[in-house]
>>> print(open('my_file_12.csv').read())   # CSV, C-alpha atoms and all ligand atoms
chain,number,residue,atom,x,y,z
Y,79,MET,CA,-3.7,-11.7,-7.4
Y,80,ARG,CA,-7.3,-11.4,-8.7
Y,81,ARG,CA,-9.4,-14.4,-7.5
Y,82,ASN,CA,-12.6,-13.3,-9.2
Y,83,GLY,CA,-14.2,-10.3,-10.9
Y,84,PHE,CA,-15.8,-8.9,-7.8
Y,85,GLN,CA,-12.4,-8.0,-6.3
Y,86,ARG,CA,-11.1,-4.5,-6.5
Y,87,PRO,CA,-9.8,-2.7,-8.5
Y,88,PHE,CA,-12.8,-2.6,-10.7
Y,89,ASN,CA,-12.4,-1.4,-14.3
Y,90,GLY,CA,-14.4,1.0,-16.4
Y,91,MET,CA,-16.1,-1.6,-18.6
Y,92,GLN,CA,-17.2,-3.5,-15.6
Y,93,ILE,CA,-18.7,-0.5,-14.0
Y,94,THR,CA,-20.4,0.4,-17.3
Y,95,THR,CA,-22.1,-3.1,-17.2
Y,96,TRP,CA,-23.3,-2.4,-13.7
Y,97,ILE,CA,-24.8,0.9,-14.8
Y,98,LEU,CA,-26.3,-0.3,-18.2
Y,99,LEU,CA,-27.9,-3.5,-16.9
Y,100,PRO,CA,-30.2,-1.8,-14.4
Y,101,LEU,CA,-30.9,1.0,-16.9
Y,102,LEU,CA,-32.2,-1.6,-19.4
Y,103,LEU,CA,-34.3,-3.4,-16.8
Y,104,THR,CA,-35.7,-0.1,-15.5
Y,105,HIS,CA,-36.6,1.0,-19.1
Y,106,PHE,CA,-38.4,-2.2,-19.8
Y,107,PHE,CA,-40.4,-2.4,-16.6
Y,108,MET,CA,-41.2,1.4,-16.4
Y,109,PHE,CA,-41.6,2.3,-20.1
Y,110,LEU,CA,-42.7,-0.9,-21.9
Y,111,THR,CA,-44.6,-3.1,-19.4
Y,112,PRO,CA,-47.3,-0.4,-18.8
Y,113,THR,CA,-47.6,0.8,-22.4
Y,114,LEU,CA,-47.7,-2.5,-24.4
Y,115,PRO,CA,-51.2,-4.0,-25.3
Y,116,LYS,CA,-52.6,-5.8,-22.2
Y,117,ASP,CA,-52.6,-9.3,-23.8
Y,118,LEU,CA,-48.9,-9.0,-24.9
Y,119,SER,CA,-47.5,-7.1,-21.9
Y,120,SER,CA,-47.6,-9.9,-19.4
Y,121,PRO,CA,-46.0,-12.7,-21.5
Y,122,LEU,CA,-43.3,-10.3,-22.8
Y,123,THR,CA,-42.5,-9.0,-19.3
Y,124,ILE,CA,-42.3,-12.5,-17.9
Y,125,ALA,CA,-40.0,-13.6,-20.8
Y,126,PHE,CA,-37.9,-10.5,-20.4
Y,127,GLY,CA,-37.7,-10.9,-16.6
Y,128,VAL,CA,-36.8,-14.6,-16.6
Y,129,SER,CA,-34.1,-14.2,-19.4
Y,130,SER,CA,-32.6,-11.2,-17.8
Y,131,LEU,CA,-32.5,-12.9,-14.4
Y,132,LEU,CA,-30.8,-15.9,-15.9
Y,133,ALA,CA,-28.2,-13.6,-17.6
Y,134,ILE,CA,-27.5,-11.9,-14.3
Y,135,ILE,CA,-27.2,-15.2,-12.4
Y,136,PHE,CA,-24.9,-16.8,-15.0
Y,137,GLY,CA,-22.9,-13.5,-15.2
Y,138,GLY,CA,-22.6,-13.5,-11.4
Y,139,VAL,CA,-21.4,-17.1,-11.3
Y,140,THR,CA,-18.9,-16.5,-14.1
Y,141,THR,CA,-17.5,-13.4,-12.3
Y,142,LYS,CA,-17.4,-15.2,-8.9
Y,143,LYS,CA,-15.7,-18.4,-10.1
Y,144,ASP,CA,-12.0,-18.6,-9.7
Y,145,SER,CA,-10.5,-19.8,-13.0
Y,146,MET,CA,-7.1,-20.4,-11.4
Y,147,ASP,CA,-4.9,-23.2,-12.7
Y,148,GLN,CA,-5.5,-26.3,-10.6
Y,149,LYS,CA,-1.9,-26.9,-9.7
Y,150,LEU,CA,-1.4,-23.3,-8.7
Y,151,TYR,CA,-4.6,-23.5,-6.6
Y,152,LEU,CA,-3.3,-26.6,-4.9
Y,153,HIS,CA,0.1,-24.9,-4.4
Y,154,LEU,CA,-1.4,-21.8,-2.8
Y,155,ASN,CA,-4.3,-23.4,-0.8
Y,156,GLY,CA,-3.1,-26.9,0.0
Y,157,SER,CA,-6.4,-28.3,-1.2
Y,158,PRO,CA,-7.6,-29.2,-4.7
Y,159,HIS,CA,-9.4,-26.7,-6.9
Y,160,PRO,CA,-13.2,-27.2,-6.7
Y,161,ASN,CA,-13.2,-27.8,-10.5
Y,162,ALA,CA,-10.1,-30.1,-10.4
Y,163,LYS,CA,-10.6,-33.4,-12.1
Y,164,PRO,CA,-9.4,-36.3,-10.0
Y,165,ASP,CA,-6.3,-38.1,-11.1
Y,166,SER,CA,-5.7,-35.8,-14.0
Y,167,GLU,CA,-2.2,-36.6,-15.3
Y,168,GLU,CA,-1.8,-33.4,-17.3
Y,169,GLU,CA,1.7,-32.4,-18.5
Y,170,THR,CA,3.1,-29.4,-16.6
Y,171,LYS,CA,5.3,-26.4,-17.3
Y,172,TYR,CA,6.9,-23.9,-15.0
Y,173,CYS,CA,5.4,-20.4,-14.6
Y,174,TRP,CA,8.2,-17.9,-13.6
Y,175,VAL,CA,5.6,-15.4,-12.4
Y,176,CYS,CA,3.6,-17.8,-10.2
Y,177,GLN,CA,6.9,-19.6,-9.4
Y,178,THR,CA,5.4,-23.1,-9.6
Y,179,ASP,CA,4.5,-25.8,-12.0
Y,180,VAL,CA,1.2,-25.3,-13.8
Y,181,CYS,CA,-0.8,-27.4,-16.3
Y,182,HIS,CA,0.5,-27.3,-19.8
Y,183,HIS,CA,-2.6,-25.7,-21.2
Y,184,SER,CA,-2.7,-22.9,-18.6
Y,185,MET,CA,-1.6,-19.3,-19.4
Y,186,HIS,CA,-0.6,-16.5,-17.0
Y,187,CYS,CA,-3.1,-13.5,-17.2
Y,188,LYS,CA,-1.5,-10.1,-16.6
Y,189,TYR,CA,-4.7,-8.6,-15.4
Y,190,CYS,CA,-5.5,-11.4,-12.9
Y,191,ASP,CA,-1.8,-12.1,-12.1
Y,192,LYS,CA,-2.4,-15.8,-12.0
Y,193,CYS,CA,-2.2,-18.8,-14.3
Y,194,VAL,CA,-5.6,-19.8,-15.7
Y,195,SER,CA,-6.7,-23.3,-16.7
Y,196,ASN,CA,-7.5,-23.6,-20.4
Y,197,PHE,CA,-7.2,-19.8,-20.7
Y,198,ASP,CA,-9.8,-18.4,-23.2
Y,199,HIS,CA,-9.6,-14.7,-22.6
Y,200,HIS,CA,-9.8,-12.0,-19.9
Y,201,CYS,CA,-13.3,-10.6,-20.1
Y,202,MET,CA,-13.2,-6.8,-19.5
Y,203,TRP,CA,-17.0,-6.6,-19.0
Y,204,LEU,CA,-16.9,-9.1,-16.1
Y,205,ASN,CA,-13.3,-8.2,-15.2
Y,206,THR,CA,-12.3,-11.8,-14.8
Y,207,CYS,CA,-10.5,-14.5,-16.7
Y,208,ILE,CA,-12.5,-17.1,-18.7
Y,209,GLY,CA,-11.1,-20.5,-18.5
Y,210,SER,CA,-12.2,-24.1,-18.0
Y,211,ALA,CA,-13.8,-23.3,-14.6
Y,212,ASN,CA,-16.3,-20.7,-16.0
Y,213,TYR,CA,-16.4,-21.0,-19.8
Y,214,LYS,CA,-19.8,-22.8,-19.7
Y,215,THR,CA,-21.4,-20.2,-17.5
Y,216,PHE,CA,-19.8,-17.4,-19.6
Y,217,PHE,CA,-21.4,-18.9,-22.7
Y,218,LEU,CA,-24.8,-19.1,-21.0
Y,219,THR,CA,-24.4,-15.5,-19.9
Y,220,VAL,CA,-23.9,-14.4,-23.5
Y,221,LEU,CA,-26.8,-16.6,-24.7
Y,222,TRP,CA,-29.3,-15.3,-22.1
Y,223,THR,CA,-28.1,-11.7,-22.6
Y,224,LEU,CA,-28.8,-12.0,-26.3
Y,225,ILE,CA,-32.3,-13.5,-25.5
Y,226,PHE,CA,-33.3,-10.7,-23.1
Y,227,VAL,CA,-31.9,-7.9,-25.3
Y,228,LEU,CA,-33.8,-9.4,-28.4
Y,229,ILE,CA,-37.0,-9.5,-26.3
Y,230,HIS,CA,-36.3,-5.8,-25.4
Y,231,VAL,CA,-35.8,-4.8,-29.1
Y,232,ALA,CA,-38.9,-6.7,-30.2
Y,233,SER,CA,-41.0,-5.1,-27.4
Y,234,ILE,CA,-39.9,-1.6,-28.4
Y,235,CYS,CA,-40.5,-2.3,-32.1
Y,236,LEU,CA,-44.0,-3.5,-31.2
Y,237,GLN,CA,-44.9,-0.6,-29.0
Y,238,LEU,CA,-43.6,2.0,-31.5
Y,239,GLY,CA,-45.1,0.2,-34.5
Y,240,LEU,CA,-48.6,0.1,-32.8
Y,241,TYR,CA,-48.3,3.7,-31.7
Y,242,PHE,CA,-47.4,4.9,-35.1
Y,243,ILE,CA,-50.1,3.0,-37.0
Y,244,GLY,CA,-52.6,4.5,-34.6
Y,245,ASN,CA,-53.6,1.6,-32.4
Y,246,GLU,CA,-56.1,3.1,-30.0
Y,247,GLU,CA,-55.2,1.0,-27.0
Y,248,VAL,CA,-51.4,1.7,-27.2
Y,249,LYS,CA,-52.0,5.4,-27.9
Y,250,SER,CA,-54.3,5.7,-24.9
Y,251,LEU,CA,-51.8,3.7,-22.7
Y,252,ALA,CA,-48.9,5.9,-23.9
Y,253,ASN,CA,-50.8,9.1,-23.3
Y,254,SER,CA,-52.0,8.1,-19.8
Y,255,TRP,CA,-48.4,7.0,-19.0
Y,256,PHE,CA,-46.9,9.1,-16.2
Y,257,ASP,CA,-50.2,10.9,-15.7
Y,258,GLY,CA,-49.2,13.8,-18.0
Y,259,ALA,CA,-50.6,15.4,-21.1
Y,260,GLY,CA,-48.3,14.8,-24.0
Y,261,ALA,CA,-46.5,12.0,-22.2
Y,262,GLY,CA,-46.9,9.8,-25.2
Y,263,ILE,CA,-44.4,11.8,-27.2
Y,264,ILE,CA,-41.9,11.7,-24.4
Y,265,LEU,CA,-42.4,8.0,-24.1
Y,266,VAL,CA,-41.9,7.5,-27.9
Y,267,GLY,CA,-38.7,9.6,-27.7
Y,268,PHE,CA,-37.3,7.4,-24.9
Y,269,ASN,CA,-38.2,4.3,-26.8
Y,270,ILE,CA,-36.6,5.3,-30.0
Y,271,ALA,CA,-33.3,6.1,-28.1
Y,272,PHE,CA,-33.5,2.8,-26.4
Y,273,LEU,CA,-34.3,1.0,-29.6
Y,274,VAL,CA,-31.0,2.3,-31.2
Y,275,PHE,CA,-29.0,1.3,-28.1
Y,276,THR,CA,-30.6,-2.2,-27.6
Y,277,ALA,CA,-30.4,-3.0,-31.4
Y,278,PHE,CA,-26.7,-2.2,-31.3
Y,279,THR,CA,-26.2,-4.2,-28.2
Y,280,ALA,CA,-28.1,-7.2,-29.7
Y,281,PHE,CA,-25.9,-7.0,-32.8
Y,282,MET,CA,-22.7,-7.0,-30.7
Y,283,VAL,CA,-23.8,-9.8,-28.4
Y,284,LEU,CA,-25.0,-11.9,-31.4
Y,285,GLN,CA,-21.6,-11.5,-33.0
Y,286,LEU,CA,-19.9,-12.6,-29.8
Y,287,LEU,CA,-22.2,-15.7,-29.6
Y,288,VAL,CA,-21.6,-16.7,-33.2
Y,289,PHE,CA,-17.9,-16.2,-32.6
Y,290,HIS,CA,-17.9,-18.6,-29.6
Y,291,LEU,CA,-20.1,-21.1,-31.5
Y,292,GLY,CA,-17.5,-21.1,-34.2
Y,293,LEU,CA,-14.7,-21.7,-31.6
Y,294,MET,CA,-16.7,-24.5,-30.1
Y,295,ARG,CA,-17.1,-26.1,-33.5
Y,296,GLN,CA,-13.4,-25.9,-34.1
Y,297,GLY,CA,-12.6,-27.0,-30.6
Y,298,ILE,CA,-10.3,-24.1,-29.9
Y,299,THR,CA,-10.2,-21.2,-27.4
Y,300,THR,CA,-10.3,-17.5,-28.1
Y,301,TYR,CA,-6.5,-17.3,-27.3
Y,302,GLN,CA,-5.8,-20.2,-29.8
Y,303,TYR,CA,-7.9,-18.4,-32.4
Y,304,ILE,CA,-5.9,-15.2,-32.0
Y,305,LEU,CA,-2.7,-17.1,-32.3
Y,306,LYS,CA,-3.9,-18.8,-35.5
Y,307,ASP,CA,-5.2,-15.6,-36.9
Y,308,ALA,CA,-1.9,-13.8,-36.1
Y,309,ALA,CA,0.1,-16.6,-37.7
Y,310,LYS,CA,-2.2,-16.4,-40.8
Y,311,ASN,CA,-1.6,-12.6,-41.0
Y,312,ARG,CA,2.2,-13.0,-40.6
Y,313,GLU,CA,2.1,-15.6,-43.4
Y,314,LYS,CA,0.1,-13.2,-45.6
Y,315,MET,CA,2.6,-10.4,-44.9
Y,316,ARG,CA,5.5,-12.7,-45.8
Y,317,PHE,CA,3.8,-13.6,-49.0
Y,318,ILE,CA,3.2,-10.0,-50.0
Y,319,HIS,CA,6.8,-9.1,-49.2
Y,320,GLN,CA,8.1,-12.0,-51.3
Y,321,VAL,CA,5.9,-11.2,-54.2
Y,322,ARG,CA,7.2,-7.6,-54.2
Y,323,GLU,CA,10.8,-8.7,-54.1
Y,324,LYS,CA,10.3,-11.3,-56.8
Y,325,ARG,CA,8.5,-8.8,-59.1
Y,326,ALA,CA,11.4,-6.3,-58.7
Y,327,GLU,CA,13.9,-9.1,-59.6
Y,328,GLU,CA,11.9,-10.2,-62.6
Y,329,LEU,CA,11.4,-6.7,-63.8
Y,330,GLN,CA,15.1,-6.0,-63.8
Y,331,VAL,CA,15.6,-9.0,-66.1
Y,332,ALA,CA,12.6,-8.3,-68.3
Y,333,GLY,CA,13.6,-4.8,-69.3
Y,334,ASN,CA,10.7,-2.7,-70.9
Y,335,GLY,CA,9.1,-5.1,-73.3
Y,336,MET,CA,5.8,-7.0,-73.3
Y,337,GLU,CA,7.0,-9.3,-70.5
Y,338,ALA,CA,7.6,-6.3,-68.3
Y,339,PHE,CA,4.2,-5.0,-69.1
Y,340,ILE,CA,2.6,-8.3,-68.0
Y,341,LEU,CA,4.6,-8.3,-64.8
Y,342,ARG,CA,3.5,-4.8,-64.0
Y,343,MET,CA,-0.1,-5.6,-64.8
Y,344,GLY,CA,0.0,-8.5,-62.4
Y,345,ALA,CA,0.5,-6.0,-59.5
Y,346,THR,CA,-2.8,-4.3,-60.3
Y,347,PRO,CA,-5.8,-5.5,-58.2
Y,348,CYS,CA,-7.9,-6.6,-61.2
Y,349,CYS,CA,-5.1,-9.0,-62.4
Y,350,ILE,CA,-4.3,-10.6,-59.1
Y,351,PRO,CA,-5.9,-14.0,-60.0
Y,352,CYS,CA,-3.7,-14.4,-63.1
Y,353,ASP,CA,-0.5,-12.7,-61.8
Y,354,PRO,CA,2.4,-15.0,-62.7
Y,355,ILE,CA,4.6,-13.7,-59.9
Y,356,ARG,CA,2.0,-14.7,-57.3
Y,357,LYS,CA,1.7,-18.1,-58.7
Y,358,LEU,CA,5.4,-18.6,-58.8
Y,359,VAL,CA,5.9,-17.4,-55.1
Y,360,LYS,CA,3.0,-19.6,-54.0
Y,361,GLN,CA,4.6,-22.6,-55.6
Y,362,GLU,CA,8.0,-21.7,-54.1
Y,363,MET,CA,6.5,-21.3,-50.6
Y,364,GLU,CA,4.5,-24.6,-50.9
Y,365,GLN,CA,7.8,-26.3,-52.0
Y,366,ALA,CA,9.6,-24.8,-49.0
Y,367,GLU,CA,6.9,-26.0,-46.7
Y,368,ASP,CA,7.0,-29.5,-48.1
Y,369,ASN,CA,10.8,-29.6,-47.7
Y,370,ALA,CA,10.5,-28.3,-44.1
Y,371,SER,CA,7.9,-30.9,-43.2
Y,372,LYS,CA,10.1,-33.6,-44.7
Y,373,GLY,CA,13.0,-32.2,-42.6
Y,374,ASN,CA,10.8,-32.3,-39.5
Y,375,ASP,CA,9.9,-36.0,-40.2
Y,376,ASP,CA,13.5,-36.9,-40.5
Y,377,HIS,CA,14.2,-34.9,-37.3
Y,378,SER,CA,11.5,-36.7,-35.3
Y,379,TYR,CA,12.8,-40.0,-36.6
Y,380,ALA,CA,16.2,-39.1,-35.3
Y,381,GLU,CA,14.7,-38.1,-32.0
Y,382,LYS,CA,12.8,-41.4,-31.8
Y,383,PHE,CA,16.1,-43.2,-32.5
Y,384,ASP,CA,17.8,-41.2,-29.8
Y,385,SER,CA,14.9,-41.9,-27.3
Y,386,ASN,CA,16.1,-45.5,-27.1
Y,387,ASP,CA,18.8,-44.3,-24.7
Y,388,GLY,CA,16.6,-41.8,-22.8
Y,389,ASP,CA,17.4,-38.6,-24.7
Y,390,MET,CA,13.9,-38.1,-26.0
Y,391,GLU,CA,12.4,-37.9,-22.4
Y,392,GLU,CA,14.9,-35.2,-21.6
Y,393,ALA,CA,14.0,-33.2,-24.7
Y,394,ASN,CA,10.3,-33.3,-23.9
Y,395,HIS,CA,11.0,-32.2,-20.4
Y,396,SER,CA,13.0,-29.2,-21.5
Y,397,GLN,CA,10.2,-28.1,-23.8
Y,398,ASN,CA,7.7,-28.1,-20.9
Y,399,VAL,CA,9.9,-26.3,-18.4
Y,400,GLU,CA,10.6,-22.9,-19.8
Y,401,SER,CA,14.2,-21.6,-19.4
Y,402,PRO,CA,14.9,-18.1,-18.0
Y,403,ARG,CA,15.8,-17.1,-21.6
Y,404,SER,CA,12.4,-18.0,-22.9
Y,405,PHE,CA,10.7,-16.3,-20.1
Y,406,HIS,CA,12.5,-13.1,-20.9
Y,407,GLU,CA,11.3,-13.4,-24.5
Y,408,SER,CA,7.8,-14.2,-23.3
Y,409,THR,CA,7.6,-10.9,-21.4
Y,410,THR,CA,8.2,-8.9,-24.7
Y,411,PRO,CA,4.8,-8.3,-26.1
Y,412,VAL,CA,4.0,-9.0,-29.7
Y,413,LYS,CA,1.2,-6.7,-30.7
Y,414,GLY,CA,-2.0,-8.6,-31.5
Y,415,LEU,CA,-4.7,-7.9,-34.0
Y,416,ASP,CA,-6.4,-5.1,-32.4
Y,417,THR,CA,-5.8,-2.4,-29.8
Y,418,HIS,CA,-7.4,-4.5,-27.0
Y,419,ARG,CA,-5.3,-7.5,-27.5
Y,420,SER,CA,-1.6,-8.4,-27.4
Y,421,ILE,CA,0.0,-11.7,-27.0
Y,422,ASP,CA,3.3,-12.5,-25.4
Y,423,SER,CA,4.8,-15.5,-27.1
Y,424,SER,CA,7.8,-17.4,-26.1
Y,425,ALA,CA,10.4,-18.7,-28.6
Y,426,ASN,CA,9.0,-22.3,-28.7
Y,427,GLY,CA,5.5,-21.0,-29.6
Y,428,SER,CA,3.8,-21.6,-26.2
Y,429,ALA,CA,2.7,-18.3,-24.7
Y,430,ASN,CA,3.3,-17.7,-21.1
Y,431,VAL,CA,2.3,-14.2,-19.8
Y,432,ILE,CA,-0.9,-13.2,-21.4
Y,433,ASP,CA,-2.3,-9.7,-21.9
Y,434,LEU,CA,-5.3,-10.8,-23.9
Y,435,ALA,CA,-8.3,-8.7,-22.9
Y,436,GLY,CA,-11.4,-9.5,-24.9
Y,437,SER,CA,-14.2,-7.0,-25.0
Y,438,SER,CA,-16.6,-9.7,-24.1
P,1,ZN,ZN,1.5,-18.0,-13.8
P,2,ZN,ZN,-7.5,-12.4,-16.3
>>> encode(input="my_file_12.csv", output="structure tokens")
Amino acid sequence: MRRNGFQRPFNGMQITTWILLPLLLTHFFMFLTPTLPKDLSSPLTIAFGVSSLLAIIFGGVTTKKDSMDQKLYLHLNGSPHPNAKPDSEEETKYCWVCQTDVCHHSMHCKYCDKCVSNFDHHCMWLNTCIGSANYKTFFLTVLWTLIFVLIHVASICLQLGLYFIGNEEVKSLANSWFDGAGAGIILVGFNIAFLVFTAFTAFMVLQLLVFHLGLMRQGITTYQYILKDAAKNREKMRFIHQVREKRAEELQVAGNGMEAFILRMGATPCCIPCDPIRKLVKQEMEQAEDNASKGNDDHSYAEKFDSNDGDMEEANHSQNVESPRSFHESTTPVKGLDTHRSIDSSANGSANVIDLAGSS
């Protein structure tokens, strides 16, 4: 069981982080600090140093914190999790891997081999799970990483820009750098290479930050987002399949006249907005959804009625405690949206064993 990201075995992406981070710091302090104009060098170096230090501290705290489910922690250690909220009366479910009751919103991570409170994702760069215990520090790690990488990008642009427009101070600093004749050109070469790398990194980290801001706005986790997105994709595929079938049916009836021509034109990309088959299938699906929701309402009414003699309580309990059958289903992976991610979902829609590795 992985308690935190500093435990062996380490993974490739984690080791890459440990190599790239010192490389970026070394480049800034050795290649930029001595070659930027004197009045800009100090403030930029201080800003870079402080922001990179904060990113390292928050990254370290995120990696070190154990995001284990509170009930599992109590079960294993006999003492409450440091992040446990006192008197929390959360619903529970049974994890067949941990072999104990865990909080309802926890998920079992395949990489960490433990249930994680409010599972967000397994971060490959830190090689640890992000959950309620370390989500805040994870977000701050991303934020400060973006800030220090942006300062890095801006400093390289400044140095290269001043060098190429012929700023005397920068040219002289570049040429005297490393005490060698022609060192300015070597320095420029290094800076261009690092500009490409840092600009790409800044773009990726910015994307990640915007993604998590969006999740916060919606009040959902990465895992819930992936589930929603997968459901949306399944719905889209179902719609396309039904349109195809309906068109084939209608074409059989229509023969070869004008009606058949309109039906065939509806399948072309330019005619999608006015395709009669799509409109028809959409209406049918909406109608089916309405009927299903009415059916659910009737069902919940029946459940409420039954709950008068205690049946409802039993039904709720059986939803929270997964049967061996649903566990078996939960260990069959349903491939996710990209090659890094797959989600194991149980029949009742609540995932149990998770293999959700985010490249964050
Ligand atoms: Zn578990
Ligand atoms: Zn994990």
>>> residues_near_ligand(input="my_file_12.csv", ligand="ligand ZN 2 (chain P)", cutoff="8 Å", atoms="only C-alpha atoms and all ligand atoms", output="ChimeraX atom specification")
/Y:80,187-192,194,199-201,205-208,435
>>> closest_residue(input="my_file_12.csv", among="Y:Leu98, Y:Leu284, Y:Cys193, Y:Ala162", to="ligand ZN 1 (chain P)", atoms="all atoms listed in the file")
Y:Cys193
>>> residues_around(input="my_file_12.csv", residues="segment 86-95 of chain Y", least_positions_apart="4", cutoff="9 Å", atoms="all atoms listed in the file", output="PyMOL selection string")
chain Y and resi 80+99-100+202-205+437
>>> residues_near_ligand(input="my_file_12.csv", ligand="ligand ZN 1 (chain P)", cutoff="8 Å", atoms="only C-alpha atoms and all ligand atoms", output="ChimeraX atom specification")
/Y:150,173-178,180,185-187,191-194,430-431
>>> residues_around(input="my_file_12.csv", residues="Gly137 of chain Y", least_positions_apart="6", cutoff="9 Å", atoms="only C-alpha atoms", output="PyMOL selection string")
chain Y and resi 204+215-216+218-220
>>> closest_residue(input="my_file_12.csv", among="Y:Thr223, Y:Asn245, Y:Asn82, Y:Asn253", to="Leu286 of chain Y", atoms="all atoms listed in the file")
Y:Thr223
>>> closest_residue(input="my_file_12.csv", among="Y:Leu238, Y:Asn196, Y:Ile135, Y:Thr141", to="Glu168 of chain Y", atoms="only C-alpha atoms")
Y:Asn196
>>> atom_distance(input="my_file_12.csv", atom1="atom CA of Val283 of chain Y", atom2="atom CA of Val227 of chain Y")
8.9 Å
>>> residues_around(input="my_file_12.csv", residues="segment 108-113 of chain Y", least_positions_apart="4", cutoff="9 Å", atoms="all atoms listed in the file", output="tab-separated table (two decimals) with C-alpha atoms, keeping the file's coordinate frame")
chain	number	residue	atom	x	y	z
Y	103	LEU	CA	-34.30	-3.40	-16.80
Y	104	THR	CA	-35.70	-0.10	-15.50
Y	119	SER	CA	-47.50	-7.10	-21.90
Y	120	SER	CA	-47.60	-9.90	-19.40
Y	122	LEU	CA	-43.30	-10.30	-22.80
Y	123	THR	CA	-42.50	-9.00	-19.30
Y	230	HIS	CA	-36.30	-5.80	-25.40
Y	233	SER	CA	-41.00	-5.10	-27.40
Y	234	ILE	CA	-39.90	-1.60	-28.40
Y	237	GLN	CA	-44.90	-0.60	-29.00
Y	247	GLU	CA	-55.20	1.00	-27.00
Y	248	VAL	CA	-51.40	1.70	-27.20
Y	249	LYS	CA	-52.00	5.40	-27.90
Y	250	SER	CA	-54.30	5.70	-24.90
Y	251	LEU	CA	-51.80	3.70	-22.70
Y	252	ALA	CA	-48.90	5.90	-23.90
Y	253	ASN	CA	-50.80	9.10	-23.30
Y	254	SER	CA	-52.00	8.10	-19.80
Y	255	TRP	CA	-48.40	7.00	-19.00
Y	265	LEU	CA	-42.40	8.00	-24.10
Y	268	PHE	CA	-37.30	7.40	-24.90
Y	269	ASN	CA	-38.20	4.30	-26.80
>>> atom_distance(input="my_file_12.csv", atom1="atom CA of Pro354 of chain Y", atom2="atom CA of Ala370 of chain Y")
24.3 Å
>>> atom_distance(input="my_file_12.csv", atom1="atom CA of Asp179 of chain Y", atom2="atom CA of His153 of chain Y")
8.8 Å
>>> residues_around(input="my_file_12.csv", residues="Arg316 of chain Y", least_positions_apart="5", cutoff="12 Å", atoms="all atoms listed in the file", output="list in words")
Ala309, Lys310, Asn311, Val321, Arg322, Glu323, Val359, Lys360 and Met363 of chain Y
>>> residues_around(input="my_file_12.csv", residues="Trp222 of chain Y", least_positions_apart="3", cutoff="9 Å", atoms="all atoms listed in the file", output="list in words")
Ser129, Ser130, Leu131, Leu132, Ala133, Ile134, Phe136, Phe217, Leu218, Thr219, Ile225, Phe226 and Val227 of chain Y
>>> write_last_selection(input="my_file_12.csv", atoms="C-alpha atoms", output="short mmCIF file (atom, residue, chain, number, x, y, z; two decimals), in the frame of the given file")
data_model
loop_
_atom_site.label_atom_id
_atom_site.label_comp_id
_atom_site.auth_asym_id
_atom_site.auth_seq_id
_atom_site.Cartn_x
_atom_site.Cartn_y
_atom_site.Cartn_z
CA SER Y 129 -34.10 -14.20 -19.40
CA SER Y 130 -32.60 -11.20 -17.80
CA LEU Y 131 -32.50 -12.90 -14.40
CA LEU Y 132 -30.80 -15.90 -15.90
CA ALA Y 133 -28.20 -13.60 -17.60
CA ILE Y 134 -27.50 -11.90 -14.30
CA PHE Y 136 -24.90 -16.80 -15.00
CA PHE Y 217 -21.40 -18.90 -22.70
CA LEU Y 218 -24.80 -19.10 -21.00
CA THR Y 219 -24.40 -15.50 -19.90
CA ILE Y 225 -32.30 -13.50 -25.50
CA PHE Y 226 -33.30 -10.70 -23.10
CA VAL Y 227 -31.90 -7.90 -25.30
#
>>> decode(input="my_file_12.csv", residues="segment 124-146 of chain Y", atoms="C-alpha atoms", output="mmCIF file, in the first residue's frame")
data_model
loop_
_atom_site.group_PDB
_atom_site.id
_atom_site.type_symbol
_atom_site.label_atom_id
_atom_site.label_comp_id
_atom_site.auth_asym_id
_atom_site.auth_seq_id
_atom_site.Cartn_x
_atom_site.Cartn_y
_atom_site.Cartn_z
ATOM 1 C CA ILE Y 124 13.820 36.942 -6.340
ATOM 2 C CA ALA Y 125 10.342 36.432 -7.864
ATOM 3 C CA PHE Y 126 11.509 33.271 -9.614
ATOM 4 C CA GLY Y 127 13.262 31.963 -6.476
ATOM 5 C CA VAL Y 128 10.263 32.588 -4.172
ATOM 6 C CA SER Y 129 7.653 31.152 -6.573
ATOM 7 C CA SER Y 130 9.729 28.068 -7.398
ATOM 8 C CA LEU Y 131 10.400 27.502 -3.683
ATOM 9 C CA LEU Y 132 6.654 27.706 -2.935
ATOM 10 C CA ALA Y 133 5.927 25.268 -5.797
ATOM 11 C CA ILE Y 134 8.501 22.833 -4.369
ATOM 12 C CA ILE Y 135 7.135 23.185 -0.812
ATOM 13 C CA PHE Y 136 3.492 22.676 -1.840
ATOM 14 C CA GLY Y 137 4.510 19.851 -4.193
ATOM 15 C CA GLY Y 138 6.418 18.192 -1.353
ATOM 16 C CA VAL Y 139 3.494 18.555 1.073
ATOM 17 C CA THR Y 140 1.061 17.153 -1.532
ATOM 18 C CA THR Y 141 3.353 14.188 -2.184
ATOM 19 C CA LYS Y 142 3.933 13.523 1.514
ATOM 20 C CA LYS Y 143 0.298 13.760 2.685
ATOM 21 C CA ASP Y 144 -1.574 10.497 2.998
ATOM 22 C CA SER Y 145 -4.894 10.884 1.186
ATOM 23 C CA MET Y 146 -6.195 7.579 2.624
#
